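S.K.: Before we start, here is the structure in question, set down as structure tokens.
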Amino acid sequence: PISVRAGTHEYDMVGVHMKFGAQIALDNTLRNIKKFPTINLTSPWWNQTINTMFTYKTVQYWTTGDITTDYINGLFAMFMDNTLFEQYTGKTTEEMLDEVLDGKWTLEKVQEYTNGVYEDRNNNDARDEGDLVGWYFVDAHSHYGSLCNAMGYNFTEKSGSKYKLTLVTPENEYIYSQVNSFVHGGSVLPCSDNIGQLMNGNCMFSHNLLYSLGTLRSREADFSIIPMPKLVETDEYRTPCYDGIEVVGIVGTEPLDRYDLIGTFAEVYAAMGRKYVTEALFEVTLKSKYARNEGSYKCLDLIRANGYCDFAFCWTSVLNRIDYFAGEAAQFNKASLAVMAAEMTYSVDKMFDNLYMKLNSFEKEDKTHAE
């Protein structure tokens, strides 16, 4: 990004964590990907959710997909200790996985299965890290927020050609109240390393990125991979993604006579990535090597198929990181989202207006970016 901002010709493309992408785009350093005739953004190797959320009218500066393995690794999922589940619920792992695949995996089910799961394993007469609980949470906003997002929490909703903020709505308040009550009650504890707790057999459930399977593969006891729970059975499963997944853009200093070459390279690289890299990662590594039962294989398909992010989530670096909003409210046990909003010392609405003003100017001055 430094050389890109300097206007040099050292790079044709640049990849950054999504959470930093918005600011770089608004620094007038990238080309509008939609203007590259040899890039077909509807191809299956490009991620359509990210494409949609990074697009404003006819302008798009970032995309991702099979050009990187980051997207798959950056999806949130849940991991279940099969032995503890069967011990405390009296059900088999296969019965549990069938429930998930039948669309019955809800927050209410989580509460039912984790209720009463506790043992003072470190023998210090305190309910703390190292004890056996139903669910260990990483004590970070992204992990609280990912559960809210999986439940259906939306930062924005589409209104005409724009998105409008929906940080505090009756629907979001209800989702938040359910999540907040769960994470601050029952058999749930915050910790610094929930995968470590799962590795040690100290929890029935935990959730983290699919990247964590690289660690869990060495766990001797069996575990299962399942999607994040939803709020009610009639909802679709939703897989939140990490704000650190890699997105790619095309450097704005590239001359017009290189458009076809750069576009063709990006398209072919992503297509070959799908054929030889990401499918191998998913089918061979995650499903064949890491997953330990047929139900987990099928759940991985569900997790991948339901990847989700939000317009404000993609553009969060110029919106004062509002992707932290619900997660921080839950992390610090705020009474409601309205309380959290009242404590904010900045105007997100004004930042949103500034974002649209900038994007509108880019669309009008598209000569600078793409023609």
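In the structure tokens, the first chain shown is A, the next is B, and so on; residue numbers restart at 1 for each chain, and ligands run from 1 in the order shown.
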Set the distance at 10 Å and use only C-alpha atoms: which residues neighbour Leu147 of chain A once local chain neighbours fewer than 6 positions away are removed? I'd like the list as a PyMOL selection string.
M.R.: chain A and resi 76+107+153+175-176+179-180+183+207+228-231+238-240+326-327
S.K.: Which residues come within 9 Å of segment 246-255 of chain A, counting only C-alpha atoms, excluding same-chain residues fewer than 5 positions away, as a PyMOL selection string?
M.R.: chain A and resi 4+7-9+11-18+21+25+28-33+50+61-65+67-71+74+262-263+368-370
S.K.: Could you save those same residues with C-alpha atoms as a PDB file, in the first residue's frame?
M.R.:
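Written out: result_0.pdb:
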ATOM      1  CA  VAL A   4       0.773   2.180  -4.307  1.00  0.00           C
ATOM      2  CA  GLY A   7       2.244   6.345  -7.393  1.00  0.00           C
ATOM      3  CA  THR A   8       4.963   3.891  -8.416  1.00  0.00           C
ATOM      4  CA  HIS A   9       4.597   1.070 -10.962  1.00  0.00           C
ATOM      5  CA  TYR A  11       2.797  -3.620  -8.527  1.00  0.00           C
ATOM      6  CA  ASP A  12      -0.183  -4.373 -10.755  1.00  0.00           C
ATOM      7  CA  MET A  13      -2.379  -5.693  -7.952  1.00  0.00           C
ATOM      8  CA  VAL A  14      -2.444  -5.347  -4.184  1.00  0.00           C
ATOM      9  CA  GLY A  15      -3.922  -7.571  -1.480  1.00  0.00           C
ATOM     10  CA  VAL A  16      -4.869  -6.290   1.986  1.00  0.00           C
ATOM     11  CA  HIS A  17      -6.976  -7.301   4.956  1.00  0.00           C
ATOM     12  CA  MET A  18     -10.570  -6.326   4.249  1.00  0.00           C
ATOM     13  CA  GLY A  21      -9.439  -1.906   2.207  1.00  0.00           C
ATOM     14  CA  ALA A  25      -9.894   2.730  -1.919  1.00  0.00           C
ATOM     15  CA  ASN A  28      -7.764   7.418  -4.824  1.00  0.00           C
ATOM     16  CA  THR A  29      -5.147   4.700  -5.392  1.00  0.00           C
ATOM     17  CA  LEU A  30      -7.109   1.916  -7.124  1.00  0.00           C
ATOM     18  CA  ARG A  31      -8.818   1.238 -10.454  1.00  0.00           C
ATOM     19  CA  ASN A  32     -12.495   0.404 -10.822  1.00  0.00           C
ATOM     20  CA  ILE A  33     -12.436  -3.383 -11.348  1.00  0.00           C
ATOM     21  CA  ILE A  50     -17.979  -9.455  -1.283  1.00  0.00           C
ATOM     22  CA  TYR A  61     -12.342  -1.398  -6.015  1.00  0.00           C
ATOM     23  CA  TRP A  62     -11.991  -4.685  -4.136  1.00  0.00           C
ATOM     24  CA  THR A  63     -12.918  -8.302  -4.710  1.00  0.00           C
ATOM     25  CA  THR A  64     -11.901 -11.709  -3.397  1.00  0.00           C
ATOM     26  CA  GLY A  65     -12.559 -15.369  -4.020  1.00  0.00           C
ATOM     27  CA  ILE A  67      -7.562 -15.881  -5.959  1.00  0.00           C
ATOM     28  CA  THR A  68      -6.697 -16.409  -2.253  1.00  0.00           C
ATOM     29  CA  THR A  69      -7.289 -19.099   0.367  1.00  0.00           C
ATOM     30  CA  ASP A  70      -8.048 -16.461   2.986  1.00  0.00           C
ATOM     31  CA  TYR A  71     -11.801 -16.403   2.419  1.00  0.00           C
ATOM     32  CA  GLY A  74     -11.649 -16.754   7.432  1.00  0.00           C
ATOM     33  CA  ILE A 262      -3.774  -7.313 -15.881  1.00  0.00           C
ATOM     34  CA  GLY A 263      -7.417  -8.328 -16.139  1.00  0.00           C
ATOM     35  CA  THR A 368      -9.384   9.071 -12.963  1.00  0.00           C
ATOM     36  CA  HIS A 369     -10.039   5.479 -12.030  1.00  0.00           C
ATOM     37  CA  ALA A 370     -10.828   3.456 -15.066  1.00  0.00           C
TER      38      ALA A 370
END
S.K.: Find, counting only C-alpha atoms, the residue in A:Gln87, A:Asn47, A:Ser347, A:Asn360 that gets nearest to Arg304 of chain A.
M.R.: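 Of A:Gln87, A:Asn47, A:Ser347, A:Asn360, the one nearest Arg304 of chain A is A:Asn47, counting only C-alpha atoms.
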S.K.: Might you pull out every residue within 7 Å of segment 190-194 of chain A, with only C-alpha atoms counted and same-chain residues fewer than 6 positions away left off, and present them as a list in words?
M.R.: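 So, after excluding close chain neighbours, the residues are Glu129, Tyr136, Phe137, Val138, Asp139 and Ser206 of chain A.
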S.K.: Which parts of segment 50-85 of chain A does DSSP call helix (DSSP H, G or I) when run on the backbone here, written out as a count of residues only?
M.R.: 12
S.K.: Pick out the closest residue to Gln48 of chain A from this set: A:Met78, A:Ala329, A:Ala335, A:Ala305. Count only C-alpha atoms.
M.R.: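 Answer, going by the shortest atom-to-atom distance: A:Ala305.
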S.K.: Please identify which residues in segment 56-303 of chain A DSSP calls strand (DSSP E or B) from the backbone, and express them as a VMD selection string.
M.R.: chain A and resid 56 59 to 60 63 65 75 to 81 106 118 to 119 129 131 to 138 156 to 159 162 to 165 188 to 191 203 to 209 223 to 226 230 239 to 241 246 to 251
S.K.: Which value, in Å to one decimal, gives the distance between atom CA of Met80 of chain A and atom CA of Phe223 of chain A?
M.R.: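 Taking atom CA of Met80 of chain A and atom CA of Phe223 of chain A, their separation equals 5.3 Å.
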S.K.: Just the residues within 12 Å of Asn320 of chain A, please, counting only C-alpha atoms, with nothing from its chain fewer than 2 positions along; format it as an MDAnalysis selection string.
M.R.: chainID A and resid 19:20 22:23 312:313 315:318 322:325 344:352 355
S.K.: Which residue, A:Ser161, A:Ala77, A:Asp66, A:Tyr259, has the smallest gap to Trp45 of chain A when you use only C-alpha atoms?
M.R.: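 Counting only C-alpha atoms, the residue closest to Trp45 of chain A is A:Asp66.
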S.K.: Find the residues near Ile225 of chain A: any atom within 9 Å, counting only C-alpha atoms, skip ones fewer than 6 places away on the same chain, and give them as a count of residues only.
M.R.: 12
